[in-house]
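File shown: data.cif. Contents: mmCIF, C-alpha atoms.
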data_upload
#
loop_
_atom_site.label_atom_id
_atom_site.label_comp_id
_atom_site.auth_asym_id
_atom_site.auth_seq_id
_atom_site.Cartn_x
_atom_site.Cartn_y
_atom_site.Cartn_z
CA MET A 1 107.19 -84.78 -73.50
CA ARG A 2 106.10 -86.14 -70.10
CA ILE A 3 108.96 -88.64 -70.17
CA LYS A 4 111.50 -85.88 -70.82
CA LEU A 5 109.98 -83.73 -68.08
CA ALA A 6 110.07 -86.65 -65.64
CA ALA A 7 113.66 -87.42 -66.60
CA MET A 8 114.69 -83.80 -66.14
CA SER A 9 112.89 -83.65 -62.77
CA SER A 10 114.69 -86.82 -61.65
CA ALA A 11 118.02 -85.40 -62.74
CA ALA A 12 117.33 -82.17 -60.85
CA PHE A 13 116.42 -84.15 -57.72
CA LEU A 14 119.64 -86.16 -57.93
CA LEU A 15 121.67 -83.02 -58.47
CA ALA A 16 120.01 -81.28 -55.52
CA THR A 17 120.49 -84.18 -53.15
CA GLY A 18 124.01 -84.97 -54.33
CA LEU A 19 123.28 -88.68 -54.55
CA ALA A 20 126.00 -90.86 -56.05
CA PHE A 21 125.58 -94.34 -57.40
CA ALA A 22 127.97 -97.19 -56.76
CA GLN A 23 129.57 -98.78 -59.80
CA GLY A 24 127.28 -101.79 -59.57
CA ALA A 25 124.17 -99.61 -59.91
CA TRP A 26 124.86 -98.73 -63.56
CA VAL A 27 123.55 -100.72 -66.52
CA GLU A 28 124.59 -100.31 -70.14
CA VAL A 29 122.04 -98.66 -72.42
CA ASP A 30 121.63 -100.48 -75.72
CA ASP A 31 118.65 -98.47 -77.03
CA GLU A 32 120.24 -95.86 -79.32
CA ASP A 33 116.90 -94.04 -79.70
CA MET A 34 116.43 -93.54 -75.94
CA ALA A 35 116.24 -89.86 -74.97
CA VAL A 36 119.15 -88.55 -72.94
CA ASN A 37 118.35 -86.64 -69.75
CA ILE A 38 121.07 -84.00 -69.95
CA PRO A 39 120.15 -80.30 -69.89
CA VAL A 40 120.40 -79.24 -73.52
CA ASP A 41 118.45 -76.90 -75.74
CA PRO A 42 116.74 -78.28 -77.71
CA PRO A 43 116.41 -81.54 -75.73
CA THR A 44 116.67 -83.82 -78.75
CA TYR A 45 119.79 -85.87 -78.08
CA THR A 46 119.50 -89.64 -77.97
CA VAL A 47 121.86 -92.32 -76.69
CA GLY A 48 123.01 -92.88 -80.27
CA ASP A 49 123.93 -89.19 -80.55
CA LEU A 50 126.23 -89.44 -77.52
CA ASP A 51 128.18 -92.43 -78.84
CA ASP A 52 131.76 -91.25 -79.58
CA MET A 53 130.91 -87.65 -78.58
CA GLU A 54 133.88 -85.70 -77.21
CA ILE A 55 133.98 -85.13 -73.44
CA VAL A 56 135.48 -81.87 -72.19
CA GLY A 57 136.34 -80.91 -68.61
CA GLN A 58 135.20 -77.74 -66.87
CA ASP A 59 138.55 -76.14 -67.72
CA GLY A 60 138.09 -76.87 -71.45
CA GLU A 61 140.61 -79.71 -71.51
CA GLU A 62 139.65 -82.71 -73.66
CA ILE A 63 138.99 -85.78 -71.51
CA GLY A 64 138.19 -88.37 -74.17
CA ASP A 65 135.27 -89.75 -76.16
CA VAL A 66 132.14 -91.55 -75.02
CA ASP A 67 132.71 -95.30 -75.21
CA GLU A 68 129.48 -96.46 -73.55
CA ILE A 69 126.32 -94.92 -72.14
CA LEU A 70 124.97 -96.16 -68.82
CA ALA A 71 121.78 -95.62 -66.84
CA SER A 72 121.00 -96.18 -63.20
CA GLY A 73 118.93 -99.27 -62.43
CA ASP A 74 115.75 -97.19 -62.19
CA GLY A 75 116.60 -95.09 -65.27
CA SER A 76 116.59 -91.80 -63.36
CA SER A 77 120.26 -90.97 -63.93
CA MET A 78 122.74 -91.45 -66.76
CA ALA A 79 126.51 -91.73 -67.08
CA VAL A 80 129.13 -92.26 -69.76
CA VAL A 81 132.22 -94.46 -69.84
CA THR A 82 135.48 -93.17 -71.28
CA ASP A 83 139.13 -94.24 -71.32
CA VAL A 84 141.53 -92.16 -69.23
CA GLY A 85 145.23 -92.28 -68.40
CA GLY A 86 147.78 -94.20 -70.32
CA PHE A 87 149.66 -93.27 -73.44
CA LEU A 88 148.89 -94.38 -77.00
CA GLY A 89 146.36 -96.88 -75.70
CA ILE A 90 148.73 -98.46 -73.18
CA GLY A 91 147.69 -98.23 -69.55
CA GLU A 92 144.26 -96.75 -70.26
CA ARG A 93 141.37 -97.64 -67.99
CA ASN A 94 137.61 -97.14 -68.17
CA VAL A 95 135.89 -94.77 -65.74
CA VAL A 96 132.22 -93.88 -65.26
CA ILE A 97 131.36 -90.19 -65.39
CA PRO A 98 127.89 -89.35 -64.02
CA LEU A 99 126.03 -86.85 -66.19
CA THR A 100 124.20 -85.11 -63.33
CA ASP A 101 126.19 -81.89 -63.78
CA ALA A 102 126.88 -82.28 -67.50
CA ARG A 103 125.65 -80.19 -70.39
CA ILE A 104 126.02 -80.40 -74.15
CA HIS A 105 127.47 -77.49 -76.09
CA ASN A 106 128.64 -77.53 -79.72
CA ASP A 107 128.14 -81.32 -79.82
CA LYS A 108 130.51 -81.83 -76.90
CA ILE A 109 129.66 -83.06 -73.40
CA ILE A 110 130.90 -80.54 -70.87
CA ILE A 111 131.60 -82.18 -67.49
CA ASN A 112 131.80 -80.23 -64.23
CA MET A 113 135.10 -81.92 -63.34
CA THR A 114 138.74 -81.48 -64.32
CA LYS A 115 140.74 -84.10 -66.15
CA ASP A 116 142.69 -84.85 -62.94
CA GLN A 117 139.43 -85.43 -61.04
CA ILE A 118 138.16 -87.77 -63.75
CA GLU A 119 141.45 -89.69 -63.87
CA SER A 120 141.14 -90.28 -60.11
CA LEU A 121 137.74 -92.02 -60.49
CA ASP A 122 137.55 -95.74 -59.82
CA GLU A 123 138.01 -98.07 -62.78
CA TRP A 124 134.85 -99.55 -64.28
CA SER A 125 134.41 -102.89 -65.98
CA LYS A 126 131.34 -104.64 -67.35
#

For the file at hand, write its structure as C-alpha cells.
Amino acid sequence: MRIKLAAMSSAAFLLATGLAFAQGAWVEVDDEDMAVNIPVDPPTYTVGDLDDMEIVGQDGEEIGDVDEILASGDGSSMAVVTDVGGFLGIGERNVVIPLTDARIHNDKIIINMTKDQIESLDEWSK
C-alpha cells in the first residue's frame, strides 16, 4: 500500500509541476506484475493488464492500443507506446504517451489529449 501511495504522490507531483521527460529518460517495463501508477478505482491494474489495452483520446476517439509500457528512470512516472498515423500498417510510427493525466475507465486508457495532438508527438524507438 505504501508503494502505491508513494507512486500516486509522485504522479501528483509531476502533474502539478508539469514536468516532461525527454525520450531518452524512459525505460521499458518488463515486469508484468508491477503496479501501474494511474488514478483508477480500485487501483489494481498491473503492467500486464495494460498490455494491448485500448487508448482513447479526450474526445472519445480511438488512438490505438498499448504496444509497450515505459517508466521514467527513477520509476516515478509511466508512459505507454502506441502506433499512430499510417494506413493499414504502412507509415505508422511509435510515439510515447505520458500517463500523468491518464485514467482508466471501462478497461480503456483515457488520455487528456486529442488524436491530432498524439500524432504530432515525436517518434520513439528503442

**Report entry** Given the PyMOL selection byres ((chain A and resi 121) around 12), the residues it picks as a list of chain:residue names
**Finding:** A:Ala22, A:Gln23, A:Val81, A:Thr82, A:Asp83, A:Val84, A:Gly85, A:Arg93, A:Asn94, A:Val95, A:Val96, A:Ile97, A:Pro98, A:Met113, A:Thr114, A:Lys115, A:Asp116, A:Gln117, A:Ile118, A:Glu119, A:Ser120, A:Asp122, A:Glu123, A:Trp124

Next, write the just-selected residues to a file, as an mmCIF file, in the frame of the given file, keeping C-alpha atoms as the atom set.
data_model
loop_
_atom_site.group_PDB
_atom_site.id
_atom_site.type_symbol
_atom_site.label_atom_id
_atom_site.label_comp_id
_atom_site.auth_asym_id
_atom_site.auth_seq_id
_atom_site.Cartn_x
_atom_site.Cartn_y
_atom_site.Cartn_z
ATOM 1 C CA ALA A 22 127.970 -97.190 -56.760
ATOM 2 C CA GLN A 23 129.570 -98.780 -59.800
ATOM 3 C CA VAL A 81 132.220 -94.460 -69.840
ATOM 4 C CA THR A 82 135.480 -93.170 -71.280
ATOM 5 C CA ASP A 83 139.130 -94.240 -71.320
ATOM 6 C CA VAL A 84 141.530 -92.160 -69.230
ATOM 7 C CA GLY A 85 145.230 -92.280 -68.400
ATOM 8 C CA ARG A 93 141.370 -97.640 -67.990
ATOM 9 C CA ASN A 94 137.610 -97.140 -68.170
ATOM 10 C CA VAL A 95 135.890 -94.770 -65.740
ATOM 11 C CA VAL A 96 132.220 -93.880 -65.260
ATOM 12 C CA ILE A 97 131.360 -90.190 -65.390
ATOM 13 C CA PRO A 98 127.890 -89.350 -64.020
ATOM 14 C CA MET A 113 135.100 -81.920 -63.340
ATOM 15 C CA THR A 114 138.740 -81.480 -64.320
ATOM 16 C CA LYS A 115 140.740 -84.100 -66.150
ATOM 17 C CA ASP A 116 142.690 -84.850 -62.940
ATOM 18 C CA GLN A 117 139.430 -85.430 -61.040
ATOM 19 C CA ILE A 118 138.160 -87.770 -63.750
ATOM 20 C CA GLU A 119 141.450 -89.690 -63.870
ATOM 21 C CA SER A 120 141.140 -90.280 -60.110
ATOM 22 C CA ASP A 122 137.550 -95.740 -59.820
ATOM 23 C CA GLU A 123 138.010 -98.070 -62.780
ATOM 24 C CA TRP A 124 134.850 -99.550 -64.280
#

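From CA of Gly64 in chain A back to CA of Asp52 in chain A, the distance works out to 8.9 Å.
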
Requested in this report: Identify which of the residues A:Gly73, A:Gly86, A:Gly57, A:Gly48 lies closest to Lys108 in chain A, counting only C-alpha atoms when measuring atom-to-atom distances.
Outcome: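 That would be A:Gly57, the residue with the smallest distance to Lys108 in chain A.
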
Requested in this report: Name every residue that the PyMOL selection byres ((chain A and resi 111) around 7) selects in this structure, writing the answer as a PyMOL selection string with chains first and numbers rising.
Outcome: chain A and resi 56-58+101-103+109-110+112-113

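Candidate residues A:Ala25, A:Leu50, A:Ile63, A:Ile104 were compared for distance to Ser77 in chain A, and the nearest is A:Ala25, using only C-alpha atoms.
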
Query raised in the report: In Å, with one decimal, what is the gap from CA of Thr46 in chain A to CA of Asp74 in chain A?
Result: 17.9 Å

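Note that the spacing between CA of Asp59 in chain A and CA of Asn106 in chain A amounts to 15.6 Å.
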
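Nearest residue to Asp51 in chain A, choosing from A:Glu28, A:Val80, A:Ile90, A:Ser125 and counting all atoms listed in the file: A:Val80.
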
**Report entry** Pick from A:Phe87, A:Asp107, A:Leu99, A:Lys126 nearest to Tyr45 in chain A, counting all atoms listed in the file
**Finding:**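 When distances to Tyr45 in chain A are compared using all atoms listed in the file, the smallest one comes from A:Asp107.
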